[in-house]
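Peer 1: Provided below: input-v3.txt, containing compact mmCIF, C-alpha atoms.
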```
# COMPACT_ATOMS: atom_id res chain seq x y z
CA MET Q 1074 59.39 156.35 130.52
CA PRO Q 1075 57.13 159.41 130.42
CA ARG Q 1076 58.01 161.97 127.74
CA ASN Q 1077 57.41 165.63 127.10
CA ILE Q 1078 58.35 168.34 124.66
CA GLU Q 1079 60.30 171.01 126.48
CA ILE Q 1080 61.05 174.62 125.64
CA LYS Q 1081 63.23 176.77 127.88
CA ALA Q 1082 63.66 180.50 127.20
CA ARG Q 1083 64.86 183.72 128.74
CA ALA Q 1084 61.95 185.94 129.77
CA ARG Q 1085 61.72 188.85 127.34
CA ASN Q 1086 59.03 190.75 129.29
CA LEU Q 1087 58.28 188.78 132.44
CA GLN Q 1088 55.40 190.96 133.63
CA GLN Q 1089 53.54 190.73 130.32
CA GLN Q 1090 54.37 187.02 129.91
CA THR Q 1091 53.16 186.32 133.46
CA GLU Q 1092 49.89 188.17 132.83
CA THR Q 1093 49.37 186.15 129.65
CA ALA Q 1094 50.15 182.86 131.43
CA TYR Q 1095 47.64 183.71 134.18
CA ARG Q 1096 44.99 184.63 131.61
CA ILE Q 1097 45.29 181.45 129.52
CA SER Q 1098 45.90 179.03 132.41
CA ASP Q 1099 43.32 176.36 133.26
CA THR Q 1100 44.39 176.53 136.91
CA PRO Q 1101 45.33 179.26 139.37
CA PRO Q 1102 49.10 179.88 139.46
CA LYS Q 1103 50.97 177.89 142.10
CA LEU Q 1104 54.12 179.28 143.73
CA ILE Q 1105 56.86 176.67 144.35
CA GLU Q 1106 60.29 177.11 145.96
CA GLN Q 1107 62.74 174.54 144.57
CA GLU Q 1108 66.30 173.50 145.23
CA ASP Q 1109 67.62 171.17 142.52
CA VAL Q 1110 70.73 169.19 143.48
CA PHE Q 1111 72.46 167.65 140.45
CA PHE Q 1112 74.70 164.60 140.82
CA HIS Q 1113 77.55 163.29 138.69
CA VAL Q 1114 76.17 160.33 136.74
CA PRO Q 1115 77.50 158.51 133.66
CA LYS Q 1116 74.24 158.80 131.68
CA GLY Q 1117 71.53 161.46 131.55
CA ARG Q 1118 70.94 163.95 134.34
CA LEU Q 1119 70.03 163.03 137.90
CA LYS Q 1120 68.67 165.66 140.25
CA LEU Q 1121 67.04 165.70 143.62
CA ARG Q 1122 64.36 168.38 143.74
CA ILE Q 1123 63.90 169.50 147.32
CA LEU Q 1124 60.51 171.14 147.85
CA ALA Q 1125 60.37 171.09 151.67
CA ALA Q 1126 61.99 169.29 154.60
CA ALA Q 1127 59.67 166.30 154.07
CA SER Q 1128 59.00 166.59 150.33
CA GLY Q 1129 61.15 165.99 147.30
CA GLU Q 1130 61.52 164.14 144.01
CA LEU Q 1131 64.41 162.23 142.56
CA ILE Q 1132 64.34 162.88 138.80
CA LEU Q 1133 66.34 161.12 136.12
CA TYR Q 1134 65.98 162.64 132.66
CA HIS Q 1135 67.48 162.52 129.20
CA ARG Q 1136 67.15 165.30 126.63
CA PRO Q 1137 69.28 166.84 123.92
CA ASP Q 1138 70.79 170.28 124.43
CA GLN Q 1139 69.34 172.37 121.62
CA ALA Q 1140 67.80 175.85 121.37
CA ALA Q 1141 64.53 174.46 120.03
CA PRO Q 1142 61.64 172.29 121.23
CA LYS Q 1143 63.24 169.10 122.54
CA MET Q 1144 62.01 165.67 123.59
CA SER Q 1145 62.72 164.78 127.19
CA THR Q 1146 62.23 161.37 128.79
CA TYR Q 1147 62.10 161.20 132.56
CA SER Q 1148 61.43 159.11 135.65
CA ILE Q 1149 60.32 160.63 138.96
CA ALA Q 1150 60.45 159.00 142.40
CA PRO Q 1151 58.86 161.01 145.23
CA THR Q 1152 60.53 161.05 148.65
CA ASN Q 1153 59.55 162.30 152.08
CA LYS Q 1154 63.21 162.35 153.19
CA PRO Q 1155 65.00 164.51 150.63
CA TYR Q 1156 67.89 165.56 152.88
CA GLN Q 1157 68.71 161.97 153.84
CA LEU Q 1158 68.51 160.95 150.17
CA LYS Q 1159 70.81 163.87 149.28
CA GLU Q 1160 73.45 162.57 151.72
CA VAL Q 1161 73.28 159.07 150.25
CA LEU Q 1162 73.49 160.30 146.65
CA GLU Q 1163 76.28 162.75 147.47
CA GLY Q 1164 78.27 159.90 149.02
CA ALA Q 1165 77.73 157.69 145.97
CA TYR Q 1166 78.04 160.20 143.10
CA GLY Q 1167 79.14 163.61 144.37
CA ILE Q 1168 77.25 166.86 143.82
CA LYS Q 1169 77.73 168.51 140.43
CA ALA Q 1170 75.68 171.66 141.02
CA VAL Q 1171 72.83 173.21 143.01
CA ILE Q 1172 70.16 175.40 141.41
CA ARG Q 1173 67.70 177.40 143.53
CA LYS Q 1174 64.61 178.86 141.96
CA THR Q 1175 61.19 180.27 142.61
CA ARG Q 1176 58.67 178.88 140.15
CA GLU Q 1177 55.13 179.88 139.32
CA LEU Q 1178 53.30 176.97 137.74
CA CYS Q 1179 50.36 177.43 135.38
CA THR Q 1180 48.77 174.78 133.16
CA VAL Q 1181 47.15 175.01 129.75
CA GLY Q 1182 45.68 171.66 128.79
CA ARG Q 1183 48.54 169.18 129.00
CA THR Q 1184 51.25 171.87 129.02
CA ARG Q 1185 52.90 173.10 132.18
CA ILE Q 1186 54.07 176.72 132.02
CA HIS Q 1187 56.88 177.51 134.44
CA LEU Q 1188 57.66 181.14 135.21
CA ASP Q 1189 61.05 180.77 136.87
CA HIS Q 1190 63.27 183.14 138.79
CA VAL Q 1191 66.63 181.36 139.05
CA GLU Q 1192 69.07 182.53 141.71
CA GLY Q 1193 72.15 183.99 140.01
CA LEU Q 1194 70.64 183.83 136.49
CA GLY Q 1195 67.40 185.80 136.27
CA ASP Q 1196 63.98 185.11 134.79
CA PHE Q 1197 62.94 182.32 132.42
CA LEU Q 1198 59.93 180.57 130.97
CA GLU Q 1199 59.70 176.85 130.45
CA LEU Q 1200 56.99 174.91 128.65
CA GLU Q 1201 56.53 171.17 129.13
CA THR Q 1202 53.93 169.52 126.92
CA VAL Q 1203 53.32 165.95 128.10
CA LEU Q 1204 52.98 163.25 125.43
CA ALA Q 1205 50.57 160.32 125.59
CA ASP Q 1206 52.19 156.86 125.71
CA ASN Q 1207 52.34 156.12 121.97
CA GLU Q 1208 51.95 159.66 120.66
CA GLN Q 1209 54.35 161.02 118.07
CA PRO Q 1210 55.97 164.30 119.20
CA GLU Q 1211 54.82 166.49 116.28
CA GLN Q 1212 51.40 167.41 117.74
CA ALA Q 1213 52.90 168.27 121.14
CA GLU Q 1214 55.58 170.38 119.42
CA GLN Q 1215 52.85 172.31 117.59
CA GLU Q 1216 51.01 172.93 120.89
CA ALA Q 1217 54.23 174.17 122.51
CA LYS Q 1218 55.01 176.43 119.54
CA ARG Q 1219 51.48 177.89 119.66
CA LEU Q 1220 51.99 178.71 123.35
CA MET Q 1221 55.41 180.19 122.56
CA CYS Q 1222 53.70 182.64 120.21
CA GLU Q 1223 50.94 183.43 122.69
CA LEU Q 1224 53.49 184.08 125.46
CA GLY Q 1225 55.73 186.20 123.24
CA ILE Q 1226 58.66 183.77 123.30
CA LYS Q 1227 60.91 184.36 120.29
CA GLU Q 1228 63.32 181.78 118.87
CA ALA Q 1229 66.20 184.08 119.88
CA ASP Q 1230 65.04 183.71 123.53
CA LEU Q 1231 65.43 179.90 123.54
CA ILE Q 1232 68.29 178.41 125.50
CA GLU Q 1233 70.15 175.28 124.54
CA GLY Q 1234 70.81 173.46 127.81
CA GLY Q 1235 69.51 173.81 131.33
CA TYR Q 1236 69.93 176.28 134.16
CA VAL Q 1237 72.87 174.26 135.47
CA ASP Q 1238 74.65 174.75 132.12
CA LEU Q 1239 74.06 178.50 132.20
CA LEU Q 1240 75.15 178.95 135.80
CA TYR Q 1241 78.14 176.64 135.88
CA GLY Q 1242 79.11 176.42 132.21
CA ARG Q 1243 78.53 173.40 130.01
CA ALA Q 1244 78.03 170.41 132.32
CA PRO Q 1245 78.54 166.93 130.90
CA SER Q 1246 75.29 165.00 130.48
```
Will you turn the file into structure tokens for me?

Peer 2:
Amino acid sequence: MPRNIEIKARARNLQQQTETAYRISDTPPKLIEQEDVFFHVPKGRLKLRILAAASGELILYHRPDQAAPKMSTYSIAPTNKPYQLKEVLEGAYGIKAVIRKTRELCTVGRTRIHLDHVEGLGDFLELETVLADNEQPEQAEQEAKRLMCELGIKEADLIEGGYVDLLYGRAPS
């Protein structure tokens, strides 16, 4: 399974943090509208990310809930029929929660910077530093921590779980 080091934090000064992300990014920012539909599953987290009527991704991931850099393992299956897949998964597992967000995506090397506005919650930053197949996580953690400093993310800004946990209370993994 692919792995990354993830950091999720409340935006302290979104305008300044956005300007910094734009300045250090290797790519122009990309605006993405997302609807994440979470399903009840016995292990990990399963969400269907709906990007458009004919574009989505089914994502299974496992990660600890901690207010610190955390290792996440994940599998992604693209779909061109997200609404039909949603109906099937809802029938099999039931919907746990729905999160809607507007995301600006920037990249710095192998790190994705997400500038997120989450409906009902506010503004957040997320860093995802992708690990190579056999790489130990320490180097990726150091890269993520360096970007935290550059973006003005303080340890007090870090959040433990995910947006679904913040919006709906602690959701079982």

Peer 1: Find, counting only C-alpha atoms, the residue in Q:His1113, Q:Arg1185, Q:Lys1154, Q:Arg1173 that gets nearest to Asn1077 (chain Q).

Peer 2: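 Closest to Asn1077 (chain Q), using only C-alpha atoms: Q:Arg1185.
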
Peer 1: Can you list every residue of region 1122-1178 of chain Q that has an atom at most 7 Å from region 1225-1239 of chain Q, with its nearest atom pair and the distance in Å to one decimal, using only C-alpha atoms, ordered by chain then number, as JSON lines?

Peer 2:
```
{"residue": "Q:Asp1138", "atom": "CA", "partner": "Q:Gly1234", "partner_atom": "CA", "distance": 4.6}
{"residue": "Q:Gln1139", "atom": "CA", "partner": "Q:Glu1233", "partner_atom": "CA", "distance": 4.2}
{"residue": "Q:Ala1140", "atom": "CA", "partner": "Q:Glu1233", "partner_atom": "CA", "distance": 4.0}
{"residue": "Q:Ala1141", "atom": "CA", "partner": "Q:Leu1231", "partner_atom": "CA", "distance": 6.5}
{"residue": "Q:Ala1170", "atom": "CA", "partner": "Q:Val1237", "partner_atom": "CA", "distance": 6.7}
{"residue": "Q:Ile1172", "atom": "CA", "partner": "Q:Val1237", "partner_atom": "CA", "distance": 6.6}
```

Peer 1: Name all residues at most 8 Å from region 1188-1200 of chain Q (count only C-alpha atoms; drop same-chain ones fewer than 6 positions away) and give them as a PyMOL selection string.

Peer 2: chain Q and resi 1078-1084+1087+1091+1172-1178+1217+1236+1239-1240

Peer 1: Please list, as a list in words, the residues that have an atom at most 7 Å away from (52.5, 172.9, 123.9) in the coordinates of this file, counting only C-alpha atoms.

Peer 2: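 Using only C-alpha atoms, the matching residues come out as Thr1184, Leu1200, Glu1201, Thr1202, Ala1213, Glu1214, Gln1215, Glu1216, Ala1217, Lys1218, Arg1219 and Leu1220 of chain Q.
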
Peer 1: Any idea what's packed within 8 Å of region 1092-1101 of chain Q, counting all atoms listed in the file, ignoring anything in its chain fewer than 4 positions away? Could you give it as a VMD selection string?

Peer 2: chain Q and resid 1088 1179 to 1182 1186 1223 to 1224

Peer 1: Give the answer as one residue: which of Q:Ala1165, Q:Leu1131, Q:Leu1158, Q:Ala1150 has the shortest atom-to-atom distance to Val1114 (chain Q), using all atoms listed in the file?

Peer 2: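 Smallest distance to Val1114 (chain Q) is found for Q:Ala1165.
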
Peer 1: So, with all atoms listed in the file as the atoms that count, which of Q:Gln1157, Q:Gln1107, Q:Ser1128, Q:Gln1209 lies closest to Met1144 (chain Q)?

Peer 2: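 Distance minimum relative to Met1144 (chain Q) lands on Q:Gln1209.
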
Peer 1: For CA of Tyr1166 (chain Q) and CA of Met1074 (chain Q), quote the distance in Å rounded to one decimal.

Peer 2: 22.8 Å

Peer 1: Any idea what the distance is between CA of Gln1090 (chain Q) and CA of Glu1208 (chain Q)?

Peer 2: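 Taking CA of Gln1090 (chain Q) as the start and CA of Glu1208 (chain Q) as the end point, the length is 29.0 Å.
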
Peer 1: Take CA of Ile1149 (chain Q) and CA of Leu1162 (chain Q) and report the distance between them in Å, one decimal.

Peer 2: 15.3 Å

Peer 1: Which residue gives the smallest distance to Gly1242 (chain Q) among Q:Lys1169, Q:Thr1152, Q:Gly1164, Q:Gln1212, with only C-alpha atoms counted?

Peer 2: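 The closest residue to Gly1242 (chain Q) is Q:Lys1169.
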
Peer 1: Draw an axis-aligned box tight on the listed atoms of region 1094-1111 of chain Q, then pad every side by 8 Å and write out centre and edge lengths in Å to one decimal as lines of an AutoDock Vina configuration file.

Peer 2:
```
center_x = 57.9
center_y = 176.1
center_z = 137.7
size_x = 45.1
size_y = 33.0
size_z = 32.4
```

Peer 1: Which one is closest to Phe1111 (chain Q): Q:Gln1089, Q:Leu1133, Q:Ser1148, Q:Arg1076? Count all atoms listed in the file.

Peer 2: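 Distance minimum relative to Phe1111 (chain Q) lands on Q:Leu1133.
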
Peer 1: Tell me which of Q:Ile1132, Q:Ala1126, Q:Leu1204, Q:Cys1222 sits closest to Phe1112 (chain Q), counting only C-alpha atoms.

Peer 2: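 Going through Q:Ile1132, Q:Ala1126, Q:Leu1204, Q:Cys1222 one by one, the smallest distance to Phe1112 (chain Q) is for Q:Ile1132.
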
Peer 1: Fix up region 1224-1239 of chain Q with N, CA and C atoms, then write it as a CSV table (one decimal), in the coordinates of the input.

Peer 2:
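This is the output file selection-v1.csv:
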```csv
chain,number,residue,atom,x,y,z
Q,1224,LEU,N,52.7,183.5,124.3
Q,1224,LEU,CA,53.5,184.1,125.5
Q,1224,LEU,C,54.6,185.1,125.0
Q,1225,GLY,N,54.7,185.3,123.7
Q,1225,GLY,CA,55.7,186.2,123.2
Q,1225,GLY,C,57.1,185.7,123.4
Q,1226,ILE,N,57.3,184.4,123.3
Q,1226,ILE,CA,58.7,183.8,123.3
Q,1226,ILE,C,59.2,183.7,121.9
Q,1227,LYS,N,60.3,184.4,121.6
Q,1227,LYS,CA,60.9,184.4,120.3
Q,1227,LYS,C,62.0,183.3,120.2
Q,1228,GLU,N,62.3,182.8,119.0
Q,1228,GLU,CA,63.3,181.8,118.9
Q,1228,GLU,C,64.7,182.2,119.4
Q,1229,ALA,N,64.9,183.5,119.3
Q,1229,ALA,CA,66.2,184.1,119.9
Q,1229,ALA,C,66.3,184.0,121.4
Q,1230,ASP,N,65.1,183.8,122.1
Q,1230,ASP,CA,65.0,183.7,123.5
Q,1230,ASP,C,65.3,182.3,124.0
Q,1231,LEU,N,65.3,181.3,123.1
Q,1231,LEU,CA,65.4,179.9,123.5
Q,1231,LEU,C,66.9,179.6,124.0
Q,1232,ILE,N,67.0,178.8,125.0
Q,1232,ILE,CA,68.3,178.4,125.5
Q,1232,ILE,C,68.5,176.9,125.2
Q,1233,GLU,N,69.8,176.6,125.0
Q,1233,GLU,CA,70.2,175.3,124.5
Q,1233,GLU,C,70.1,174.2,125.6
Q,1234,GLY,N,70.7,174.5,126.7
Q,1234,GLY,CA,70.8,173.5,127.8
Q,1234,GLY,C,69.8,173.8,128.9
Q,1235,GLY,N,70.3,173.6,130.2
Q,1235,GLY,CA,69.5,173.8,131.3
Q,1235,GLY,C,70.1,174.9,132.2
Q,1236,TYR,N,69.4,175.2,133.3
Q,1236,TYR,CA,69.9,176.3,134.2
Q,1236,TYR,C,71.3,175.9,134.7
Q,1237,VAL,N,71.6,174.7,135.0
Q,1237,VAL,CA,72.9,174.3,135.5
Q,1237,VAL,C,74.0,174.6,134.5
Q,1238,ASP,N,73.7,174.4,133.2
Q,1238,ASP,CA,74.6,174.8,132.1
Q,1238,ASP,C,74.9,176.2,132.1
Q,1239,LEU,N,73.9,177.1,132.2
Q,1239,LEU,CA,74.1,178.5,132.2
Q,1239,LEU,C,74.8,179.0,133.4
```
